[in-house]
>>> print(open('my_file-v8.csv').read())   # CSV, C-alpha atoms and all ligand atoms
chain,number,residue,atom,x,y,z
A,1,MET,CA,49.7,-7.8,-49.2
A,2,ALA,CA,50.6,-4.5,-47.5
A,3,LEU,CA,49.5,-1.0,-46.8
A,4,VAL,CA,49.9,0.8,-50.1
A,5,THR,CA,49.5,4.4,-51.4
A,6,THR,CA,46.8,5.3,-53.8
A,7,LYS,CA,49.2,6.0,-56.6
A,8,GLU,CA,49.0,2.8,-58.6
A,9,MET,CA,45.4,2.2,-57.8
A,10,PHE,CA,44.5,5.6,-59.3
A,11,ALA,CA,46.7,5.2,-62.4
A,12,LYS,CA,44.9,1.9,-63.3
A,13,ALA,CA,41.5,3.3,-62.4
A,14,LEU,CA,42.1,6.4,-64.6
A,15,LYS,CA,43.2,4.2,-67.5
A,16,GLU,CA,40.5,1.6,-67.3
A,17,ASP,CA,37.5,3.9,-66.4
A,18,TYR,CA,36.4,2.6,-63.0
A,19,ALA,CA,36.7,4.0,-59.5
A,20,VAL,CA,38.3,2.8,-56.3
A,21,GLY,CA,35.9,2.6,-53.4
A,22,ALA,CA,36.8,4.6,-50.3
A,23,PHE,CA,34.7,3.5,-47.4
A,24,ASN,CA,34.8,5.1,-43.9
A,25,VAL,CA,35.7,2.9,-41.0
A,26,ASN,CA,35.5,3.2,-37.2
A,27,ASN,CA,35.2,-0.3,-35.7
A,28,MET,CA,36.0,-4.0,-36.3
A,29,GLU,CA,32.7,-5.1,-37.8
A,30,ILE,CA,32.7,-2.3,-40.4
A,31,ILE,CA,36.3,-3.0,-41.4
A,32,GLN,CA,35.6,-6.8,-41.7
A,33,GLY,CA,32.4,-6.2,-43.8
A,34,ILE,CA,34.2,-3.9,-46.2
A,35,VAL,CA,37.4,-6.0,-46.7
A,36,ASP,CA,35.5,-9.2,-47.1
A,37,ALA,CA,33.5,-7.6,-49.8
A,38,ALA,CA,36.6,-6.3,-51.6
A,39,LYS,CA,38.2,-9.7,-51.4
A,40,VAL,CA,35.2,-11.5,-52.9
A,41,GLU,CA,35.0,-8.9,-55.6
A,42,ASN,CA,38.7,-8.9,-56.1
A,43,ALA,CA,38.6,-5.1,-56.0
A,44,PRO,CA,41.2,-2.4,-55.0
A,45,LEU,CA,40.3,-0.7,-51.7
A,46,ILE,CA,40.8,2.4,-49.7
A,47,LEU,CA,39.8,2.5,-46.0
A,48,GLN,CA,39.3,6.0,-44.7
A,49,VAL,CA,39.3,7.5,-41.3
A,50,SER,CA,37.8,10.9,-40.4
A,51,ALA,CA,39.0,13.0,-37.4
A,52,GLY,CA,35.8,11.9,-35.7
A,53,ALA,CA,36.5,8.2,-36.3
A,54,ARG,CA,40.1,8.6,-35.1
A,55,LYS,CA,38.9,10.2,-31.9
A,56,TYR,CA,36.2,7.5,-31.4
A,57,ALA,CA,38.2,4.3,-32.1
A,58,ARG,CA,41.7,5.8,-31.3
A,59,PRO,CA,44.6,5.6,-33.8
A,60,ALA,CA,46.3,2.5,-32.4
A,61,TYR,CA,43.1,0.4,-32.7
A,62,LEU,CA,42.4,1.6,-36.2
A,63,LEU,CA,45.9,0.9,-37.4
A,64,LYS,CA,46.1,-2.5,-35.9
A,65,LEU,CA,42.6,-3.4,-37.1
A,66,VAL,CA,43.6,-2.5,-40.7
A,67,GLU,CA,46.9,-4.4,-40.3
A,68,ALA,CA,44.8,-7.4,-39.1
A,69,ALA,CA,42.5,-7.0,-42.2
A,70,ILE,CA,45.6,-7.1,-44.5
A,71,ILE,CA,46.9,-10.3,-42.8
A,72,ASP,CA,43.5,-11.9,-42.7
A,73,THR,CA,42.5,-11.2,-46.4
A,74,GLY,CA,45.9,-10.8,-48.1
A,75,LEU,CA,44.7,-7.6,-49.8
A,76,ASP,CA,46.6,-4.5,-50.5
A,77,ILE,CA,44.8,-1.6,-48.7
A,78,ALA,CA,45.4,2.1,-48.7
A,79,LEU,CA,44.7,3.8,-45.4
A,80,HIS,CA,43.5,7.3,-45.9
A,81,LEU,CA,42.7,10.3,-43.7
A,82,ASP,CA,39.3,11.7,-44.7
A,83,HIS,CA,38.7,15.5,-44.5
A,84,GLY,CA,41.9,16.5,-42.6
A,85,GLU,CA,41.2,20.0,-41.6
A,86,ASP,CA,44.7,21.3,-40.8
A,87,PHE,CA,48.4,20.5,-41.3
A,88,GLU,CA,48.7,19.0,-37.8
A,89,ILE,CA,46.2,16.1,-38.2
A,90,CYS,CA,47.7,15.3,-41.6
A,91,LYS,CA,51.2,15.2,-40.1
A,92,LYS,CA,50.0,13.0,-37.3
A,93,CYS,CA,48.5,10.5,-39.7
A,94,VAL,CA,51.6,10.5,-41.9
A,95,ASP,CA,53.7,9.9,-38.8
A,96,ASP,CA,51.3,7.1,-37.7
A,97,GLY,CA,51.7,5.2,-40.9
A,98,PHE,CA,48.7,6.2,-43.0
A,99,THR,CA,49.6,5.9,-46.7
A,100,SER,CA,47.3,8.7,-47.9
A,101,VAL,CA,45.9,11.9,-46.4
A,102,MET,CA,43.3,14.5,-47.4
A,103,ILE,CA,43.8,18.1,-46.6
A,104,ASP,CA,40.4,19.8,-46.9
A,105,GLY,CA,41.1,23.5,-47.4
A,106,SER,CA,37.8,24.0,-49.3
A,107,LYS,CA,36.5,26.3,-46.6
A,108,TYR,CA,39.4,28.7,-47.2
A,109,ASP,CA,39.8,31.1,-50.2
A,110,PHE,CA,41.8,29.9,-53.2
A,111,GLU,CA,45.2,31.2,-52.2
A,112,GLU,CA,44.9,30.0,-48.6
A,113,ASN,CA,43.8,26.6,-49.8
A,114,ILE,CA,46.8,26.4,-52.1
A,115,ALA,CA,49.2,27.4,-49.4
A,116,LEU,CA,47.8,24.9,-46.9
A,117,THR,CA,47.7,22.1,-49.4
A,118,LYS,CA,51.3,22.8,-50.6
A,119,LYS,CA,52.5,22.5,-47.0
A,120,VAL,CA,50.8,19.1,-46.6
A,121,VAL,CA,52.0,17.9,-50.0
A,122,GLU,CA,55.6,18.8,-49.1
A,123,TYR,CA,55.5,16.9,-45.8
A,124,ALA,CA,53.5,13.9,-47.1
A,125,HIS,CA,55.6,13.4,-50.2
A,126,ALA,CA,58.8,13.5,-48.2
A,127,HIS,CA,57.4,10.5,-46.4
A,128,GLY,CA,56.0,8.6,-49.4
A,129,VAL,CA,52.4,9.5,-48.6
A,130,THR,CA,49.9,10.6,-51.3
A,131,VAL,CA,47.6,13.7,-50.8
A,132,GLU,CA,44.1,14.5,-51.8
A,133,ALA,CA,42.9,18.1,-51.7
A,134,GLU,CA,39.4,19.7,-52.2
A,135,LEU,CA,38.3,22.6,-54.3
A,136,GLY,CA,34.7,23.8,-54.4
A,137,LYS,CA,32.1,23.3,-51.7
A,138,LEU,CA,29.7,20.4,-51.2
A,139,ALA,CA,26.3,20.9,-49.6
A,140,GLY,CA,25.3,18.9,-46.6
A,141,ILE,CA,26.9,17.8,-43.4
A,142,GLU,CA,30.7,17.2,-43.2
A,143,ASP,CA,31.2,15.9,-39.7
A,144,ASN,CA,30.1,19.2,-38.1
A,145,ILE,CA,30.5,21.7,-40.9
A,146,LYS,CA,27.1,22.6,-42.4
A,147,VAL,CA,27.0,24.2,-45.8
A,148,ASP,CA,23.7,25.4,-47.1
A,149,ALA,CA,22.6,23.5,-50.2
A,150,ARG,CA,21.8,26.7,-52.0
A,151,SER,CA,25.1,28.4,-51.3
A,152,ALA,CA,27.1,25.3,-52.4
A,153,THR,CA,29.6,26.3,-55.0
A,154,PHE,CA,30.8,23.9,-57.7
A,155,THR,CA,34.4,23.6,-58.7
A,156,ASP,CA,35.6,26.0,-61.4
A,157,PRO,CA,37.6,24.0,-64.1
A,158,GLN,CA,40.2,26.7,-64.7
A,159,GLU,CA,40.8,27.0,-61.0
A,160,ALA,CA,41.1,23.2,-60.6
A,161,ALA,CA,43.9,23.2,-63.3
A,162,GLU,CA,45.7,26.0,-61.6
A,163,PHE,CA,45.3,24.5,-58.2
A,164,VAL,CA,46.7,21.1,-59.2
A,165,GLY,CA,49.6,22.7,-61.1
A,166,ARG,CA,50.6,24.9,-58.1
A,167,THR,CA,50.2,22.4,-55.3
A,168,GLY,CA,51.5,19.1,-56.8
A,169,VAL,CA,48.6,17.3,-55.2
A,170,ASP,CA,48.0,13.6,-56.2
A,171,SER,CA,44.2,13.8,-56.5
A,172,LEU,CA,41.5,16.4,-56.3
A,173,ALA,CA,38.0,16.2,-54.7
A,174,ILE,CA,35.6,18.3,-56.7
A,175,ALA,CA,32.1,19.6,-56.2
A,176,ILE,CA,29.8,18.8,-59.1
A,177,GLY,CA,26.4,18.0,-57.4
A,178,THR,CA,26.9,15.5,-54.6
A,179,SER,CA,26.4,16.3,-50.9
A,180,HIS,CA,27.3,14.6,-47.6
A,181,GLY,CA,25.0,12.7,-45.2
A,182,ALA,CA,21.6,11.0,-45.4
A,183,TYR,CA,19.7,14.2,-46.2
A,184,LYS,CA,20.7,15.2,-49.7
A,185,PHE,CA,19.2,18.0,-51.8
A,186,LYS,CA,15.5,18.6,-52.1
A,187,GLY,CA,14.4,18.2,-55.6
A,188,ASP,CA,16.1,16.2,-58.3
A,189,PRO,CA,19.7,15.3,-57.5
A,190,TYR,CA,22.1,15.5,-60.5
A,191,LEU,CA,25.7,15.6,-61.5
A,192,ASP,CA,27.1,18.4,-63.6
A,193,PHE,CA,28.7,16.3,-66.3
A,194,LYS,CA,29.6,19.2,-68.5
A,195,ARG,CA,31.7,20.6,-65.6
A,196,LEU,CA,33.2,17.2,-64.9
A,197,LYS,CA,34.2,16.7,-68.5
A,198,GLU,CA,35.8,20.2,-68.7
A,199,ILE,CA,37.8,19.5,-65.5
A,200,HIS,CA,38.9,16.2,-66.8
A,201,ARG,CA,39.9,17.7,-70.2
A,202,LEU,CA,42.1,20.3,-68.5
A,203,ILE,CA,43.8,17.9,-66.0
A,204,PRO,CA,43.5,14.5,-67.7
A,205,GLU,CA,46.2,13.0,-65.6
A,206,THR,CA,44.7,14.0,-62.2
A,207,PRO,CA,42.6,11.4,-60.5
A,208,LEU,CA,39.3,13.1,-59.4
A,209,VAL,CA,37.5,12.3,-56.2
A,210,LEU,CA,33.7,12.3,-55.6
A,211,HIS,CA,32.7,12.9,-52.0
A,212,GLY,CA,29.1,12.5,-50.8
A,213,ALA,CA,28.5,9.6,-53.2
A,214,SER,CA,26.0,7.7,-51.1
A,215,THR,CA,22.7,7.4,-52.9
A,216,VAL,CA,20.5,7.0,-49.8
A,217,LEU,CA,18.2,4.6,-51.4
A,218,PRO,CA,14.6,5.0,-50.1
A,219,GLU,CA,14.3,1.3,-49.4
A,220,PHE,CA,17.1,1.5,-46.8
A,221,VAL,CA,15.8,4.6,-45.1
A,222,THR,CA,12.4,2.9,-45.0
A,223,LYS,CA,14.0,-0.3,-43.6
A,224,CYS,CA,15.8,1.8,-40.9
A,225,ASN,CA,12.6,3.6,-39.9
A,226,GLU,CA,10.4,0.5,-40.0
A,227,TYR,CA,12.0,-0.8,-36.8
A,228,GLY,CA,11.6,2.3,-34.8
A,229,GLY,CA,13.8,4.9,-36.5
A,230,ASP,CA,12.9,8.4,-37.6
A,231,ILE,CA,15.7,9.2,-40.1
A,232,PRO,CA,14.7,12.0,-42.5
A,233,GLY,CA,16.5,10.6,-45.5
A,234,ALA,CA,16.4,12.2,-48.9
A,235,GLN,CA,17.9,10.5,-52.0
A,236,GLY,CA,21.2,11.6,-53.4
A,237,VAL,CA,22.7,11.3,-56.9
A,238,PRO,CA,21.4,8.1,-58.6
A,239,GLU,CA,23.9,5.2,-58.7
A,240,SER,CA,23.8,5.2,-62.6
A,241,MET,CA,25.2,8.8,-62.6
A,242,ILE,CA,28.0,7.9,-60.1
A,243,ALA,CA,28.8,5.0,-62.4
A,244,GLU,CA,28.9,7.3,-65.4
A,245,SER,CA,31.3,9.7,-63.6
A,246,THR,CA,34.0,7.0,-63.5
A,247,LYS,CA,34.3,7.3,-67.3
A,248,HIS,CA,35.3,11.0,-66.9
A,249,GLY,CA,38.2,11.0,-64.5
A,250,ILE,CA,36.5,10.1,-61.2
A,251,CYS,CA,38.9,7.5,-59.7
A,252,LYS,CA,37.8,7.6,-56.0
A,253,VAL,CA,34.3,7.5,-54.7
A,254,ASN,CA,33.6,8.1,-51.0
A,255,ILE,CA,30.8,6.1,-49.4
A,256,ASP,CA,29.8,6.3,-45.7
A,257,THR,CA,26.1,7.0,-45.3
A,258,ASP,CA,24.9,4.1,-47.3
A,259,LEU,CA,26.9,1.7,-45.1
A,260,ARG,CA,25.6,3.4,-41.9
A,261,LEU,CA,22.0,3.0,-43.0
A,262,ALA,CA,22.5,-0.7,-44.1
A,263,MET,CA,24.2,-1.4,-40.7
A,264,THR,CA,21.7,0.4,-38.5
A,265,ALA,CA,18.7,-1.1,-40.3
A,266,GLU,CA,20.0,-4.6,-39.4
A,267,VAL,CA,20.7,-3.7,-35.8
A,268,ARG,CA,17.2,-2.1,-35.3
A,269,LYS,CA,15.6,-5.1,-37.0
A,270,TYR,CA,17.4,-7.7,-34.9
A,271,LEU,CA,16.7,-5.9,-31.6
A,272,LYS,CA,13.0,-5.3,-32.5
A,273,GLU,CA,12.5,-8.9,-33.4
A,274,HIS,CA,14.5,-10.3,-30.4
A,275,PRO,CA,13.7,-8.0,-27.5
A,276,ALA,CA,14.9,-10.5,-24.9
A,277,ASP,CA,18.4,-10.9,-26.6
A,278,PHE,CA,21.4,-9.0,-25.4
A,279,ASP,CA,24.4,-10.7,-27.0
A,280,PRO,CA,26.1,-8.0,-29.2
A,281,ARG,CA,27.4,-10.6,-31.6
A,282,LYS,CA,23.7,-11.4,-32.5
A,283,TYR,CA,23.1,-7.9,-33.8
A,284,LEU,CA,26.6,-6.9,-34.9
A,285,GLY,CA,27.0,-10.1,-37.0
A,286,PRO,CA,24.0,-9.3,-39.3
A,287,ALA,CA,25.1,-5.6,-39.4
A,288,ARG,CA,28.6,-6.8,-40.6
A,289,ASP,CA,26.9,-9.0,-43.3
A,290,ALA,CA,24.8,-6.0,-44.4
A,291,ILE,CA,27.9,-3.9,-44.8
A,292,MET,CA,29.5,-6.6,-46.9
A,293,MET,CA,26.5,-6.8,-49.2
A,294,MET,CA,26.3,-3.1,-49.7
A,295,VAL,CA,30.0,-2.8,-50.4
A,296,GLN,CA,29.8,-5.7,-52.9
A,297,HIS,CA,26.9,-4.0,-54.6
A,298,LYS,CA,28.8,-0.6,-54.9
A,299,LEU,CA,32.1,-2.2,-56.1
A,300,LYS,CA,30.4,-4.3,-58.7
A,301,ASN,CA,27.4,-2.3,-60.0
A,302,VAL,CA,28.4,1.3,-59.3
A,303,LEU,CA,32.2,1.7,-59.3
A,304,LYS,CA,32.8,-1.1,-61.8
A,305,ALA,CA,35.9,-2.1,-59.7
A,306,SER,CA,35.3,-5.9,-59.5
A,307,GLY,CA,38.2,-7.9,-60.8
A,308,LYS,CA,40.4,-4.8,-61.0
A,309,ARG,CA,42.8,-5.6,-58.1
F,1,LIG,O1,33.9,12.0,-46.7
F,1,LIG,N1,32.8,11.2,-46.7
F,1,LIG,C1,32.6,10.4,-45.5
F,1,LIG,C2,32.2,11.3,-44.3
F,1,LIG,C3,30.9,12.1,-44.6
F,1,LIG,C4,29.9,12.0,-43.5
F,1,LIG,O2,29.1,10.8,-43.7
F,1,LIG,C5,32.1,11.2,-47.9
F,1,LIG,O3,32.3,11.9,-48.8
F,1,LIG,C6,30.9,10.2,-47.9
F,1,LIG,O4,29.7,10.8,-48.1
F,1,LIG,P1,28.2,10.2,-47.9
F,1,LIG,O5,27.4,10.5,-49.1
F,1,LIG,O6,28.4,8.7,-47.7
F,1,LIG,O7,27.6,10.8,-46.7
F,2,ZN,ZN,33.6,13.7,-47.8
>>> encode(input="my_file-v8.csv", output="C-alpha cells")
Amino acid sequence: MALVTTKEMFAKALKEDYAVGAFNVNNMEIIQGIVDAAKVENAPLILQVSAGARKYARPAYLLKLVEAAIIDTGLDIALHLDHGEDFEICKKCVDDGFTSVMIDGSKYDFEENIALTKKVVEYAHAHGVTVEAELGKLAGIEDNIKVDARSATFTDPQEAAEFVGRTGVDSLAIAIGTSHGAYKFKGDPYLDFKRLKEIHRLIPETPLVLHGASTVLPEFVTKCNEYGGDIPGAQGVPESMIAESTKHGICKVNIDTDLRLAMTAEVRKYLKEHPADFDPRKYLGPARDAIMMMVQHKLKNVLKASGKR
C-alpha cells in the first residue's frame, strides 16, 4: 500500500481492456466515499486534484487525506493533478509528492503544446512522476475555461501519433465527443469510435484518457432538483459507450460531475426532510454513501475495473 504512479495500472488496463477510474477530490467525505468503493470493488484507483480543488482544500490537507486513505484501506493509489495549466503548477505538484500530473496545453497550438508538454515530461520523469497531456478540445466547462460546443475540435489521429512521439508523454487525453460539466451537448451525445480506433491503431502502446466522462443521468438531475435545486442538466455520452471505449485504448476515465450530483442530491434531500437538524455529519454521511454507490457503479458496470487491482 503506497502512492504509486499510473504506469503499471495503465499497462494492465491496456492489456485487459478496462479503464482505471480517475475521480476528483476536494474533501474528506469525497475521498472516503471513493476509496471505500475501490476497496469493495478491488479496483485500481486514481484520485485527482484540480487547481481549484488544490486552492480550496490546500495541498497539505489533500496530501495527508490521501495518505490517510492509503493507511485506512491498504490500497495503492495514484495521486494526479487534473488539468495543470502551466509548468509551474505541475512542478509544484511533483515537488509535493504527486505521482502523476496532467499538463493541459490543449488551448495552445500544436507546436506550443508540444514544447510545454516536453518541458513538464522532462521535469516529471526526472522525479519518477508520470505525465498526461491533452490534444484536441472538449466542449463544455473546464473549471473556468468555456469552449463552445460547436467549435469543439476532435483529436486528429496523425497529430496524436506525432505528439506522443515527440513529447514522450505517458498518456494522452483525446477529444472524441465527451464534454465537461453537468450540461453536455444538446442533441444526441455520441463517441467518435472511428476516430478512437484510428488513434489506438497508430499509437497502440499509449494509454488514452477520456475526460468529461460523466453521463449526467436524468434521474440524478431530477433528484437534485426535486429538493429545491435548479440544475440545468443535459445528458452526456451514455455509459454503454464509455464502457465500449475501454476496448479501444481508453485506460483512464475522468468522472467528477456524476459524483457532485449524487452528493448534492443527498445533502438537499436530508436538509429538506430535516429542516430542524444542523449536525453536518447527518447530511455529509449520506452524501459520502451516495458517492460510494456511484463510484462502485462506475467501476463495476462502466469501467469494468472490478477485481483488477
Ligand atoms: O477533468 N475532469 C474533472 C473536472 C471537470 C469539471 O467537472 C473531467 O474530465 C470530468 O468531467 P465530468 O464529465 O465529470 O464533468
Ligand atoms: Zn477534464
>>> closest_atom_pairs(input="my_file-v8.csv", of="chain A", to="ligand LIG 1 (chain F)", cutoff="8 Å", atoms="only C-alpha atoms and all ligand atoms", output="tab-separated table")
residue	atom	partner	partner_atom	distance
A:Phe23	CA	F:LIG1	C1	7.5
A:Asn24	CA	F:LIG1	C1	6.0
A:Ser50	CA	F:LIG1	C2	6.8
A:Asp82	CA	F:LIG1	O1	5.8
A:His83	CA	F:LIG1	O1	6.3
A:Ile141	CA	F:LIG1	C4	6.5
A:Glu142	CA	F:LIG1	C4	5.3
A:Asp143	CA	F:LIG1	C4	5.6
A:Thr178	CA	F:LIG1	O5	7.4
A:Ser179	CA	F:LIG1	O5	6.2
A:His180	CA	F:LIG1	O7	3.9
A:Gly181	CA	F:LIG1	O7	3.6
A:Ala182	CA	F:LIG1	O7	6.1
A:Leu210	CA	F:LIG1	O3	7.0
A:His211	CA	F:LIG1	O3	3.4
A:Gly212	CA	F:LIG1	O5	3.1
A:Ala213	CA	F:LIG1	O5	4.3
A:Ser214	CA	F:LIG1	O5	3.7
A:Thr215	CA	F:LIG1	O5	6.8
A:Val216	CA	F:LIG1	O5	7.8
A:Gly236	CA	F:LIG1	O5	7.6
A:Val253	CA	F:LIG1	O3	7.6
A:Asn254	CA	F:LIG1	O3	4.6
A:Ile255	CA	F:LIG1	O6	3.9
A:Asp256	CA	F:LIG1	O6	3.4
A:Thr257	CA	F:LIG1	O6	3.7
A:Asp258	CA	F:LIG1	O6	5.8
A:Leu259	CA	F:LIG1	O6	7.6
>>> closest_residue(input="my_file-v8.csv", among="A:Arg166, A:Arg54, A:Lys308, A:His125", to="Asn113 (chain A)", atoms="only C-alpha atoms")
A:Arg166
>>> residues_around(input="my_file-v8.csv", residues="region 93-100 of chain A", least_positions_apart="2", cutoff="9 Å", atoms="only C-alpha atoms", output="short mmCIF file (atom, residue, chain, number, x, y, z; two decimals) with C-alpha atoms, in the coordinates of the input")
data_model
loop_
_atom_site.label_atom_id
_atom_site.label_comp_id
_atom_site.auth_asym_id
_atom_site.auth_seq_id
_atom_site.Cartn_x
_atom_site.Cartn_y
_atom_site.Cartn_z
CA LEU A 3 49.50 -1.00 -46.80
CA VAL A 4 49.90 0.80 -50.10
CA THR A 5 49.50 4.40 -51.40
CA THR A 6 46.80 5.30 -53.80
CA PRO A 59 44.60 5.60 -33.80
CA ALA A 60 46.30 2.50 -32.40
CA LEU A 63 45.90 0.90 -37.40
CA ALA A 78 45.40 2.10 -48.70
CA LEU A 79 44.70 3.80 -45.40
CA HIS A 80 43.50 7.30 -45.90
CA LEU A 81 42.70 10.30 -43.70
CA GLU A 88 48.70 19.00 -37.80
CA ILE A 89 46.20 16.10 -38.20
CA CYS A 90 47.70 15.30 -41.60
CA LYS A 91 51.20 15.20 -40.10
CA MET A 102 43.30 14.50 -47.40
CA TYR A 123 55.50 16.90 -45.80
CA ALA A 124 53.50 13.90 -47.10
CA HIS A 127 57.40 10.50 -46.40
CA GLY A 128 56.00 8.60 -49.40
CA VAL A 129 52.40 9.50 -48.60
CA THR A 130 49.90 10.60 -51.30
CA VAL A 131 47.60 13.70 -50.80
CA GLU A 132 44.10 14.50 -51.80
#
>>> residues_around(input="my_file-v8.csv", residues="region 274-290 of chain A", least_positions_apart="4", cutoff="10 Å", atoms="all atoms listed in the file", output="PDB file with C-alpha atoms, in the frame of the given file")
ATOM      1  CA  MET A  28      36.000  -4.000 -36.300  1.00  0.00           C
ATOM      2  CA  GLU A  29      32.700  -5.100 -37.800  1.00  0.00           C
ATOM      3  CA  ILE A  30      32.700  -2.300 -40.400  1.00  0.00           C
ATOM      4  CA  ILE A  31      36.300  -3.000 -41.400  1.00  0.00           C
ATOM      5  CA  GLN A  32      35.600  -6.800 -41.700  1.00  0.00           C
ATOM      6  CA  GLY A  33      32.400  -6.200 -43.800  1.00  0.00           C
ATOM      7  CA  ILE A  34      34.200  -3.900 -46.200  1.00  0.00           C
ATOM      8  CA  ASP A  36      35.500  -9.200 -47.100  1.00  0.00           C
ATOM      9  CA  ALA A  37      33.500  -7.600 -49.800  1.00  0.00           C
ATOM     10  CA  LEU A 259      26.900   1.700 -45.100  1.00  0.00           C
ATOM     11  CA  ARG A 260      25.600   3.400 -41.900  1.00  0.00           C
ATOM     12  CA  LEU A 261      22.000   3.000 -43.000  1.00  0.00           C
ATOM     13  CA  ALA A 262      22.500  -0.700 -44.100  1.00  0.00           C
ATOM     14  CA  MET A 263      24.200  -1.400 -40.700  1.00  0.00           C
ATOM     15  CA  THR A 264      21.700   0.400 -38.500  1.00  0.00           C
ATOM     16  CA  ALA A 265      18.700  -1.100 -40.300  1.00  0.00           C
ATOM     17  CA  GLU A 266      20.000  -4.600 -39.400  1.00  0.00           C
ATOM     18  CA  VAL A 267      20.700  -3.700 -35.800  1.00  0.00           C
ATOM     19  CA  ARG A 268      17.200  -2.100 -35.300  1.00  0.00           C
ATOM     20  CA  LYS A 269      15.600  -5.100 -37.000  1.00  0.00           C
ATOM     21  CA  TYR A 270      17.400  -7.700 -34.900  1.00  0.00           C
ATOM     22  CA  MET A 294      26.300  -3.100 -49.700  1.00  0.00           C
ATOM     23  CA  VAL A 295      30.000  -2.800 -50.400  1.00  0.00           C
ATOM     24  CA  GLN A 296      29.800  -5.700 -52.900  1.00  0.00           C
TER      25      GLN A 296
END
>>> atom_distance(input="my_file-v8.csv", atom1="CA of Ile199 (chain A)", atom2="CA of Ala243 (chain A)")
17.3 Å
>>> residues_around(input="my_file-v8.csv", residues="region 8-16 of chain A", least_positions_apart="4", cutoff="7 Å", atoms="only C-alpha atoms", output="list of chain:residue names")
A:Val20, A:Pro44, A:Pro207, A:Gly249, A:Cys251
>>> write_last_selection(input="my_file-v8.csv", atoms="C-alpha atoms", output="PDB file, keeping the file's coordinate frame")
ATOM      1  CA  VAL A  20      38.300   2.800 -56.300  1.00  0.00           C
ATOM      2  CA  PRO A  44      41.200  -2.400 -55.000  1.00  0.00           C
ATOM      3  CA  PRO A 207      42.600  11.400 -60.500  1.00  0.00           C
ATOM      4  CA  GLY A 249      38.200  11.000 -64.500  1.00  0.00           C
ATOM      5  CA  CYS A 251      38.900   7.500 -59.700  1.00  0.00           C
TER       6      CYS A 251
END
>>> atom_distance(input="my_file-v8.csv", atom1="CA of Leu138 (chain A)", atom2="CA of Leu172 (chain A)")
13.5 Å
>>> atom_distance(input="my_file-v8.csv", atom1="CA of Gly21 (chain A)", atom2="CA of Pro232 (chain A)")
25.6 Å
>>> closest_residue(input="my_file-v8.csv", among="A:Gly105, A:Ala53, A:Leu271, A:Val169", to="Tyr227 (chain A)", atoms="only C-alpha atoms")
A:Leu271
>>> closest_residue(input="my_file-v8.csv", among="A:Ala51, A:Leu202, A:Ile70, A:His248", to="ligand ZN 2 (chain F)", atoms="all atoms listed in the file")
A:Ala51
>>> closest_residue(input="my_file-v8.csv", among="A:His200, A:Lys247, A:Lys304, A:Lys137", to="ligand ZN 2 (chain F)", atoms="all atoms listed in the file")
A:Lys137
